[in-house]
Structure formats: C-alpha cells, structure tokens
>>> print(open('query17.tsv').read())   # TSV, C-alpha atoms and all ligand atoms
chain	number	residue	atom	x	y	z
T	507	MET	CA	30.77	92.75	2.31
T	508	TYR	CA	32.89	89.89	0.98
T	509	SER	CA	35.72	90.11	-1.48
T	510	ASN	CA	36.47	86.44	-1.92
T	511	ALA	CA	34.94	83.00	-1.41
T	512	ASN	CA	36.55	82.54	1.97
T	513	GLU	CA	34.96	85.71	3.29
T	514	LEU	CA	31.60	84.75	1.79
T	515	LYS	CA	31.77	81.35	3.49
T	516	ASP	CA	32.69	83.04	6.78
T	517	LEU	CA	29.65	85.31	6.56
T	518	CYS	CA	27.42	82.32	5.79
T	519	ASP	CA	28.91	80.27	8.63
T	520	ARG	CA	28.55	83.05	11.21
T	521	SER	CA	24.97	83.89	10.25
T	522	GLY	CA	23.79	80.39	9.42
T	523	LYS	CA	22.56	81.73	6.08
T	524	LYS	CA	22.84	80.39	2.57
T	525	ILE	CA	24.92	82.08	-0.13
T	526	TRP	CA	21.89	83.72	-1.73
T	527	GLN	CA	20.70	85.17	1.57
T	528	VAL	CA	24.06	86.76	2.37
T	529	ALA	CA	24.57	87.93	-1.23
T	530	ILE	CA	21.23	89.69	-1.54
T	531	GLU	CA	21.68	91.45	1.80
T	532	VAL	CA	25.10	92.68	0.73
T	533	GLU	CA	23.77	93.76	-2.66
T	534	SER	CA	20.88	95.62	-1.07
T	535	GLU	CA	23.17	97.49	1.31
T	536	TYR	CA	25.88	98.19	-1.25
T	537	ASN	CA	23.52	99.52	-3.94
T	538	GLU	CA	21.04	101.07	-1.53
T	539	THR	CA	18.23	99.09	-3.13
T	540	THR	CA	15.53	97.12	-1.41
T	541	ILE	CA	15.60	93.35	-1.52
T	542	ASP	CA	12.21	93.39	-3.24
T	543	GLU	CA	13.52	95.64	-6.01
T	544	ILE	CA	16.52	93.37	-6.59
T	545	ARG	CA	14.32	90.28	-6.72
T	546	GLN	CA	11.94	91.99	-9.14
T	547	LYS	CA	14.85	92.91	-11.46
T	548	ILE	CA	16.12	89.34	-11.39
T	549	LYS	CA	12.62	88.08	-12.14
T	550	GLU	CA	12.50	90.32	-15.23
T	551	ASN	CA	15.85	88.94	-16.38
T	552	ILE	CA	14.69	85.38	-15.76
T	553	ASP	CA	11.69	86.03	-18.02
T	554	ILE	CA	14.02	87.21	-20.81
T	555	MET	CA	16.24	84.17	-20.36
T	556	ARG	CA	13.27	81.81	-20.32
T	557	GLN	CA	12.05	83.20	-23.63
T	558	ALA	CA	15.52	82.84	-25.17
T	559	CYS	CA	15.92	79.28	-23.88
T	560	ASN	CA	12.69	78.23	-25.60
T	561	LYS	CA	12.77	80.32	-28.76
T	562	THR	CA	14.69	78.03	-31.13
T	563	LEU	CA	13.76	74.61	-29.71
T	564	LYS	CA	11.22	74.03	-32.47
T	565	LYS	CA	12.05	76.74	-34.96
T	566	GLU	CA	15.43	77.43	-36.55
T	567	ILE	CA	16.67	80.99	-36.43
T	568	PRO	CA	19.95	81.34	-38.36
T	569	SER	CA	22.76	83.47	-37.03
T	570	ILE	CA	23.39	86.84	-38.65
T	571	SER	CA	26.66	85.54	-40.16
T	572	GLY	CA	24.94	82.45	-41.56
T	573	LEU	CA	27.60	80.23	-39.96
T	574	THR	CA	25.26	78.35	-37.62
T	575	SER	CA	21.62	77.42	-37.26
T	576	GLY	CA	19.31	74.81	-35.79
T	577	MET	CA	21.49	73.17	-33.14
T	578	ALA	CA	18.96	73.62	-30.33
T	579	LYS	CA	16.18	72.17	-32.49
T	580	LYS	CA	18.29	69.13	-33.38
T	581	ILE	CA	19.18	68.29	-29.78
T	582	PHE	CA	15.64	69.01	-28.60
T	583	SER	CA	14.14	66.55	-31.04
T	584	TYR	CA	16.91	64.01	-30.37
T	585	MET	CA	16.60	63.96	-26.58
T	586	GLY	CA	14.76	61.00	-25.18
T	587	LYS	CA	15.55	58.85	-28.25
T	588	ASP	CA	16.51	55.27	-27.45
T	589	ASN	CA	20.09	55.65	-28.61
T	590	ALA	CA	20.74	58.91	-26.78
T	591	ILE	CA	23.57	58.42	-24.29
T	592	PHE	CA	22.85	61.34	-21.97
T	593	SER	CA	19.62	61.52	-19.99
T	594	LYS	CA	16.71	63.54	-21.33
T	595	GLU	CA	17.30	66.13	-18.62
T	596	ILE	CA	20.91	66.77	-19.53
T	597	LEU	CA	20.09	67.03	-23.22
T	598	LYS	CA	17.20	69.38	-22.43
T	599	SER	CA	19.62	71.53	-20.49
T	600	VAL	CA	21.95	71.59	-23.50
T	601	ALA	CA	19.03	72.41	-25.83
T	602	TYR	CA	18.02	75.34	-23.62
T	603	SER	CA	21.57	76.66	-23.60
T	604	LEU	CA	21.90	76.35	-27.38
T	605	SER	CA	18.56	78.07	-27.92
T	606	CYS	CA	19.64	80.96	-25.73
T	607	PHE	CA	22.92	81.13	-27.61
T	608	GLU	CA	21.17	81.07	-31.00
T	609	VAL	CA	19.01	83.99	-29.92
T	610	ASN	CA	22.25	85.80	-29.16
T	611	THR	CA	23.84	85.07	-32.55
T	612	SER	CA	20.68	86.17	-34.33
T	613	MET	CA	20.84	89.47	-32.42
T	614	GLY	CA	17.83	88.67	-30.26
T	615	LYS	CA	17.42	89.62	-26.65
T	616	ILE	CA	19.45	87.73	-24.05
T	617	VAL	CA	20.88	88.37	-20.61
T	618	ALA	CA	24.68	88.36	-20.61
T	619	ALA	CA	25.14	86.27	-17.49
T	620	PRO	CA	28.00	86.62	-17.02
T	621	THR	CA	28.77	87.45	-20.70
T	622	ALA	CA	26.98	87.22	-24.04
T	623	GLY	CA	29.38	84.49	-25.20
T	624	SER	CA	28.49	82.28	-22.23
T	625	CYS	CA	24.84	83.32	-21.98
T	626	GLY	CA	23.36	79.81	-22.38
T	627	ILE	CA	25.10	77.98	-19.55
T	628	LEU	CA	23.43	79.43	-16.47
T	629	PRO	CA	19.81	79.48	-17.69
T	630	GLY	CA	20.26	76.14	-19.48
T	631	CYS	CA	21.25	74.48	-16.20
T	632	LEU	CA	18.91	76.30	-13.83
T	633	PHE	CA	15.72	76.05	-15.91
T	634	MET	CA	16.24	72.33	-16.43
T	635	LEU	CA	16.84	71.75	-12.72
T	636	ALA	CA	13.90	73.93	-11.68
T	637	GLU	CA	11.62	71.79	-13.87
T	638	LYS	CA	13.14	68.55	-12.58
T	639	ILE	CA	12.59	69.41	-8.91
T	640	ASN	CA	9.42	71.49	-9.40
T	641	ALA	CA	11.07	74.64	-8.09
T	642	VAL	CA	9.03	77.82	-8.08
T	643	ASP	CA	10.24	81.17	-9.41
T	644	ASP	CA	11.36	82.29	-5.95
T	645	ASP	CA	13.73	79.31	-5.77
T	646	LEU	CA	15.05	80.19	-9.21
T	647	ILE	CA	15.64	83.78	-8.15
T	648	ASN	CA	17.63	82.51	-5.16
T	649	ALA	CA	19.69	80.29	-7.45
T	650	PHE	CA	20.51	83.19	-9.77
T	651	ILE	CA	21.59	85.25	-6.74
T	652	THR	CA	23.98	82.50	-5.66
T	653	ALA	CA	25.34	82.31	-9.20
T	654	ALA	CA	25.80	86.08	-9.21
T	655	ALA	CA	27.74	85.91	-5.94
T	656	ILE	CA	30.15	83.40	-7.46
T	657	GLY	CA	30.50	85.49	-10.64
T	658	THR	CA	31.15	88.63	-8.60
T	659	ILE	CA	33.98	86.94	-6.71
T	660	ILE	CA	35.56	85.79	-9.98
T	661	GLU	CA	35.24	89.26	-11.47
T	662	LYS	CA	36.83	90.85	-8.40
T	663	ASN	CA	39.78	88.49	-8.16
T	664	ALA	CA	40.30	87.31	-11.74
T	665	THR	CA	38.31	88.00	-14.90
T	666	LEU	CA	35.12	86.97	-16.71
T	667	SER	CA	36.43	88.11	-20.07
T	668	GLY	CA	37.56	85.83	-22.88
T	669	ALA	CA	39.71	88.64	-24.25
T	670	GLU	CA	41.58	88.81	-20.98
T	671	GLY	CA	41.57	85.24	-19.73
T	672	GLY	CA	40.47	82.92	-22.53
T	673	CYS	CA	37.28	80.86	-22.68
T	674	GLN	CA	38.08	79.33	-19.27
T	675	ALA	CA	37.28	82.78	-17.84
T	676	GLU	CA	34.05	83.18	-19.78
T	677	CYS	CA	32.41	79.77	-20.20
T	678	GLY	CA	34.43	78.35	-17.30
T	679	SER	CA	33.10	81.03	-14.96
T	680	ALA	CA	29.53	80.58	-16.20
T	681	SER	CA	29.90	76.86	-15.56
T	682	ALA	CA	31.21	77.51	-12.04
T	683	MET	CA	28.31	79.87	-11.32
T	684	ALA	CA	25.80	77.29	-12.54
T	685	ALA	CA	27.48	74.42	-10.65
T	686	ALA	CA	27.41	76.33	-7.34
T	687	ALA	CA	23.82	77.47	-7.84
T	688	MET	CA	22.58	73.96	-8.69
T	689	THR	CA	24.40	72.54	-5.68
T	690	GLU	CA	22.62	75.02	-3.42
T	691	MET	CA	19.26	74.35	-5.11
T	692	LEU	CA	19.70	70.69	-4.26
T	693	GLY	CA	20.45	71.37	-0.60
T	694	GLY	CA	24.24	71.36	-0.72
T	695	SER	CA	26.27	73.20	1.90
T	696	VAL	CA	28.19	76.42	1.21
T	697	GLU	CA	31.38	74.37	1.14
T	698	GLN	CA	29.89	71.97	-1.40
T	699	CYS	CA	28.78	74.90	-3.58
T	700	LEU	CA	32.34	76.22	-3.61
T	701	HIS	CA	33.77	72.78	-4.37
T	702	ALA	CA	31.36	72.50	-7.32
T	703	GLY	CA	32.42	75.91	-8.62
T	704	SER	CA	36.11	75.17	-8.15
T	705	MET	CA	35.87	71.86	-9.98
T	706	ALA	CA	33.99	73.47	-12.88
T	707	ILE	CA	36.82	75.92	-13.50
T	708	THR	CA	39.52	73.33	-12.84
T	709	ASN	CA	38.00	71.11	-15.53
T	710	VAL	CA	38.38	73.74	-18.24
T	711	MET	CA	41.59	75.40	-17.03
T	712	GLY	CA	43.54	76.56	-20.06
T	713	GLN	CA	40.58	76.68	-22.44
T	714	ILE	CA	41.47	79.24	-25.10
T	715	CYS	CA	39.28	81.83	-26.81
T	716	ASP	CA	39.48	81.32	-30.58
T	717	PRO	CA	36.25	82.45	-32.25
T	718	ILE	CA	36.17	81.87	-35.99
T	719	ALA	CA	36.13	85.14	-37.95
T	720	GLY	CA	36.23	86.90	-34.58
T	721	LEU	CA	32.51	86.24	-34.22
T	722	VAL	CA	31.17	84.90	-30.93
T	723	GLU	CA	29.65	81.85	-32.56
T	724	ILE	CA	32.04	78.98	-33.36
T	725	PRO	CA	33.21	77.26	-31.15
T	726	CYS	CA	31.27	79.30	-28.59
T	727	ALA	CA	27.88	77.56	-28.96
T	728	LYS	CA	29.37	74.14	-28.25
T	729	ARG	CA	31.45	75.52	-25.40
T	730	ASN	CA	28.14	76.60	-23.87
T	731	ALA	CA	26.92	73.03	-24.32
T	732	ILE	CA	29.97	71.51	-22.62
T	733	GLY	CA	29.78	74.23	-19.95
T	734	VAL	CA	26.31	72.94	-19.08
T	735	VAL	CA	27.45	69.33	-18.87
T	736	ASN	CA	30.52	70.31	-16.85
T	737	ALA	CA	28.37	72.26	-14.37
T	738	ILE	CA	25.91	69.39	-13.90
T	739	LEU	CA	28.74	66.91	-13.38
T	740	CYS	CA	30.50	69.16	-10.86
T	741	ALA	CA	27.29	69.79	-8.90
T	742	ASP	CA	26.68	66.06	-8.73
T	743	MET	CA	30.30	65.37	-7.74
T	744	ALA	CA	30.17	67.98	-4.96
T	745	LEU	CA	26.82	66.67	-3.68
T	746	ALA	CA	28.29	63.15	-3.68
T	747	GLY	CA	31.02	64.40	-1.36
T	748	ILE	CA	33.87	64.84	-3.84
T	749	GLU	CA	36.02	67.87	-3.03
T	750	CYS	CA	38.24	70.08	-5.10
T	751	PHE	CA	41.80	69.75	-3.76
T	752	VAL	CA	42.57	73.44	-4.39
T	753	PRO	CA	40.21	75.97	-2.73
T	754	PHE	CA	38.00	78.21	-4.86
T	755	ASP	CA	39.95	81.42	-4.22
T	756	GLU	CA	43.20	79.78	-5.30
T	757	VAL	CA	41.61	78.16	-8.35
T	758	ILE	CA	40.40	81.48	-9.75
T	759	VAL	CA	43.76	83.17	-9.19
T	760	ALA	CA	45.41	80.25	-11.01
T	761	MET	CA	42.84	80.57	-13.80
T	762	TYR	CA	43.67	84.27	-14.11
T	763	GLU	CA	47.41	83.56	-14.22
T	764	VAL	CA	46.86	80.94	-16.94
T	765	GLY	CA	44.71	83.43	-18.87
T	766	LYS	CA	47.35	86.14	-18.72
T	767	ALA	CA	49.96	83.64	-19.90
T	768	LEU	CA	47.94	82.86	-23.04
T	769	PRO	CA	49.25	84.60	-26.15
T	770	ALA	CA	47.03	87.35	-27.56
T	771	THR	CA	46.29	85.13	-30.58
T	772	LEU	CA	44.32	82.86	-28.23
T	773	ARG	CA	42.36	85.59	-26.45
T	774	GLU	CA	39.39	86.58	-28.63
T	775	THR	CA	41.41	88.09	-31.45
T	776	GLY	CA	40.13	85.54	-33.94
T	777	ILE	CA	43.70	84.72	-35.02
T	778	GLY	CA	44.85	81.48	-33.37
T	779	GLY	CA	43.32	78.14	-32.47
T	780	LEU	CA	40.29	77.17	-34.56
T	781	ALA	CA	40.14	80.69	-36.02
T	782	GLY	CA	43.58	80.14	-37.58
T	783	THR	CA	42.77	76.82	-39.26
T	784	PRO	CA	42.30	76.82	-43.06
T	785	THR	CA	38.57	76.34	-42.49
T	786	GLY	CA	38.46	79.18	-39.98
T	787	VAL	CA	40.39	81.53	-42.26
T	788	ALA	CA	38.19	80.63	-45.23
T	789	ALA	CA	35.07	81.38	-43.21
T	790	ARG	CA	36.48	84.75	-42.20
T	791	ARG	CA	37.28	85.59	-45.84
T	792	LYS	CA	33.84	84.54	-46.97
T	793	ILE	CA	32.17	86.83	-44.45
T	794	PHE	CA	34.53	89.80	-44.42
T	795	GLY	CA	36.51	89.45	-47.67
T	796	GLU	CA	40.35	89.63	-47.77
F	801	LIG	S1	35.57	81.05	-27.44
F	801	LIG	FE1	35.89	83.16	-26.75
F	801	LIG	S2	34.23	84.34	-27.68
F	801	LIG	FE2	33.66	82.18	-27.71
F	801	LIG	S3	32.49	81.84	-25.82
F	801	LIG	FE3	34.61	81.28	-25.40
F	801	LIG	S4	35.46	83.17	-24.57
F	801	LIG	FE4	33.58	83.78	-25.59
>>> encode(input="query17.tsv", output="structure tokens", more="lines below")
Ligand code: SF4
Amino acid sequence: MYSNANELKDLCDRSGKKIWQVAIEVESEYNETTIDEIRQKIKENIDIMRQACNKTLKKEIPSISGLTSGMAKKIFSYMGKDNAIFSKEILKSVAYSLSCFEVNTSMGKIVAAPTAGSCGILPGCLFMLAEKINAVDDDLINAFITAAAIGTIIEKNATLSGAEGGCQAECGSASAMAAAAMTEMLGGSVEQCLHAGSMAITNVMGQICDPIAGLVEIPCAKRNAIGVVNAILCADMALAGIECFVPFDEVIVAMYEVGKALPATLRETGIGGLAGTPTGVAARRKIFGE
C-alpha cells in the first residue's frame, strides 16, 4: 500500500514496475478484486467516456440551464484551420473535453473522474494521445490506472473537491492526473510522471471555484479546456527533462493549505469571483428568480 507519492515511487523503484502495475496490484489486494475484474470495470468506464467525448462534436446539445451550448462543435470544426494557433491534436483534445463536459451539463452520462466538474480533462487528454500514438485499449486502461493512482494520493493527502479546495483541487487535480498518465504513456519514468503532475497543480495553484448561479457550467467548461492544455504542456515539459522544484507530496499539501485559506465565497458557493459579477448575478436571477 502507498499513502503518498514518495511511497508509490519507492514501490515502483523496488519492484521495477510502472505506476499502473503497482497501483492495480494494490487495488486488487485492497478491494479483494481480481485484476481482470478491475480492468473490465475501467474498460466499461472508458466506453462511457468515449461516447461522451464524441457526442457533441458535430451536434449541439444545450445545457439544462440554457447558459451554454455548442463549444465542442465550434472547436472541432475550427481545428486544423490555417489560422489556428494550437496544433490539431491539442484542439481535438480540447474538443473532446468540452464534449464530455457538455454531456454533463445536459444531464447525460459521464464518468466523474475525478469529479463531474472536471470530467472532460482526463478523457480529453488520454483519448487524443491514444489516437496520436495508436495505443490500444489495454494501454488506455493502464493510463487510467496511473491517473487514478495520482488522484487517490491527492484525495488522501489533500482534496479533490472544489467546495473544499477551490478549482485548483478539482480541475488542477484532473490536470495532474492526466499529465502523469500521458507522461507514462509516452515512456516517461515514475519521477517524470510525478514532476508532470506537480507542475500541473503548481500552474493553477490558487484557482478559485466561482460557478455562475452555483451551476457547474461557467467557468467550468473552459477550465476543463485549460486543464487539458496545462496537462499536455506539463507532460511535454517533464518528458523534456524539466523538473518541478517542489516535490509532488509537498505541492499537494500546499494546494490544500491554499484551498483552506480561500474564503467560502470562492469555494463553490456561487457567491464570489465570476458568480458575483453583475453578469453572473443577472444570470442567477434569470434562472432562479430573486
Ligand atoms: S469552478 Fe468550481 S464547480 Fe466549476 S469546475 Fe472548477 S471547481 Fe468545479
């Protein structure tokens, strides 16, 4: 068993195994489930995520509140255009994440990995990368296991909840999970995976949770989009040999401390930040009345 990143790295170093190999063995022992059963469950969740990531790429499905619609479709048809600044792959990753998020806001079926509010980041990154490197489903399952190991460590030592730690804890954690998983998919070492995860959280440290009208919609969708880009950048930085100065375990404790220091108005109450702007308040009134 491991309770932090240092212990996980130790287990990997001693056994010569990757993060996903250690994590699935621990999970199997802890939950008294076979490895095959765990992999099958993950496969089922991947199928749900894949459907969500593709569902609104060509067809708009408005959110229940009516506040947002059609972002995935816009980016999907824009990617690859001559004047697009990001590569087609990065924009495809963003489109996948927005599609998944739009399925969430229209009350469709998603996998909250790690939360519903950040549900687009992990599949958006991993599906794009799997297509880019021709990974098979088994590789994807491994990547999701690595992501889960990182998320578990954050949950144990800090929080994954926007209400408790701000958006840094929700979208920041999802970004860290995706960054570490992509780094491993591309052959990075355990240390590089942890550097990628650390940098992803470091880059959004202090990000508040301020959903307009208290609905997990605005700015959440775009925070999924930037979470994807952040994760890709951090995976690339780690693979290039860039390190995070502060180790992963210390970064997440710092993130938790920052989250607890945020006033309640900036932790999913729908009061401060963008929710408290005249536009945010007007939207809330329009949906819920005075
Ligand atoms: S702003 Fe808050 S509700 Fe929205 S995704 Fe971030 S943590 Fe979740």
>>> residues_near_ligand(input="query17.tsv", ligand="ligand LIG 801 (chain F)", cutoff="8 Å", atoms="all atoms listed in the file", output="PyMOL selection string")
chain T and resi 621-624+667-669+672-677+714-717+720-727+729-730+773-774
>>> residues_around(input="query17.tsv", residues="Lys598 in chain T", least_positions_apart="5", cutoff="12 Å", atoms="only C-alpha atoms", output="number ranges by chain")
T: 559-560, 563, 578-586, 590, 592-593, 603-605, 629-635, 637-638, 731, 734-735
>>> closest_residue(input="query17.tsv", among="T:Gln557, T:Glu670, T:Leu745, T:Ala781", to="Pro769 in chain T", atoms="only C-alpha atoms")
T:Glu670
>>> residues_around(input="query17.tsv", residues="range 707-712 of chain T", least_positions_apart="3", cutoff="8 Å", atoms="only C-alpha atoms", output="PyMOL selection string")
chain T and resi 672+674+678-679+681-682+703-704+736+757-758+761+764-765
>>> closest_residue(input="query17.tsv", among="T:Asp519, T:Ser571, T:Ala654, T:Ile718", to="Pro784 in chain T", atoms="only C-alpha atoms")
T:Ile718
>>> closest_residue(input="query17.tsv", among="T:Leu768, T:Lys587, T:Gly572, T:His701", to="Ala737 in chain T", atoms="all atoms listed in the file")
T:His701
>>> closest_residue(input="query17.tsv", among="T:Ile777, T:Ala741, T:Cys699, T:Cys625", to="Thr652 in chain T", atoms="all atoms listed in the file")
T:Cys699
>>> closest_residue(input="query17.tsv", among="T:Lys594, T:Gly522, T:Ala760, T:Glu513", to="Ser695 in chain T", atoms="only C-alpha atoms")
T:Gly522
>>> residues_around(input="query17.tsv", residues="Ala687 in chain T", least_positions_apart="3", cutoff="8 Å", atoms="only C-alpha atoms", output="ChimeraX atom specification")
/T:632,649-650,652-653,683-684,690-691,699
>>> closest_residue(input="query17.tsv", among="T:Asn648, T:Gln546, T:Ser599, T:Ser612", to="Thr574 in chain T", atoms="all atoms listed in the file")
T:Ser612
>>> decode(input="query17.tsv", residues="range 745-757 of chain T", atoms="N, CA and C atoms", output="PDB file, in the first residue's frame")
ATOM      1  N   LEU T 745       8.785  15.325 -19.894  1.00  0.00           N
ATOM      2  CA  LEU T 745       9.492  14.424 -20.820  1.00  0.00           C
ATOM      3  C   LEU T 745      10.738  15.093 -21.407  1.00  0.00           C
ATOM      4  N   ALA T 746      10.714  16.422 -21.459  1.00  0.00           N
ATOM      5  CA  ALA T 746      11.891  17.153 -21.963  1.00  0.00           C
ATOM      6  C   ALA T 746      12.969  17.268 -20.889  1.00  0.00           C
ATOM      7  N   GLY T 747      12.634  16.847 -19.668  1.00  0.00           N
ATOM      8  CA  GLY T 747      13.637  16.884 -18.600  1.00  0.00           C
ATOM      9  C   GLY T 747      13.468  18.025 -17.621  1.00  0.00           C
ATOM     10  N   ILE T 748      12.387  18.800 -17.770  1.00  0.00           N
ATOM     11  CA  ILE T 748      12.149  19.891 -16.821  1.00  0.00           C
ATOM     12  C   ILE T 748      11.548  19.299 -15.548  1.00  0.00           C
ATOM     13  N   GLU T 749      12.041  19.758 -14.396  1.00  0.00           N
ATOM     14  CA  GLU T 749      11.556  19.213 -13.125  1.00  0.00           C
ATOM     15  C   GLU T 749      10.779  20.262 -12.351  1.00  0.00           C
ATOM     16  N   CYS T 750       9.909  19.771 -11.481  1.00  0.00           N
ATOM     17  CA  CYS T 750       9.202  20.685 -10.582  1.00  0.00           C
ATOM     18  C   CYS T 750      10.094  20.850  -9.351  1.00  0.00           C
ATOM     19  N   PHE T 751      10.373  22.073  -8.958  1.00  0.00           N
ATOM     20  CA  PHE T 751      11.309  22.314  -7.848  1.00  0.00           C
ATOM     21  C   PHE T 751      10.782  21.700  -6.552  1.00  0.00           C
ATOM     22  N   VAL T 752       9.476  21.807  -6.330  1.00  0.00           N
ATOM     23  CA  VAL T 752       8.868  21.272  -5.097  1.00  0.00           C
ATOM     24  C   VAL T 752       8.299  19.886  -5.409  1.00  0.00           C
ATOM     25  N   PRO T 753       8.614  18.873  -4.573  1.00  0.00           N
ATOM     26  CA  PRO T 753       8.118  17.514  -4.847  1.00  0.00           C
ATOM     27  C   PRO T 753       6.600  17.412  -4.771  1.00  0.00           C
ATOM     28  N   PHE T 754       6.076  16.394  -5.452  1.00  0.00           N
ATOM     29  CA  PHE T 754       4.623  16.211  -5.573  1.00  0.00           C
ATOM     30  C   PHE T 754       3.915  16.243  -4.215  1.00  0.00           C
ATOM     31  N   ASP T 755       4.422  15.481  -3.250  1.00  0.00           N
ATOM     32  CA  ASP T 755       3.734  15.414  -1.951  1.00  0.00           C
ATOM     33  C   ASP T 755       3.640  16.786  -1.284  1.00  0.00           C
ATOM     34  N   GLU T 756       4.668  17.592  -1.449  1.00  0.00           N
ATOM     35  CA  GLU T 756       4.643  18.930  -0.844  1.00  0.00           C
ATOM     36  C   GLU T 756       3.715  19.863  -1.635  1.00  0.00           C
ATOM     37  N   VAL T 757       3.696  19.683  -2.941  1.00  0.00           N
ATOM     38  CA  VAL T 757       2.821  20.538  -3.776  1.00  0.00           C
ATOM     39  C   VAL T 757       1.354  20.339  -3.388  1.00  0.00           C
TER      40      VAL T 757
END
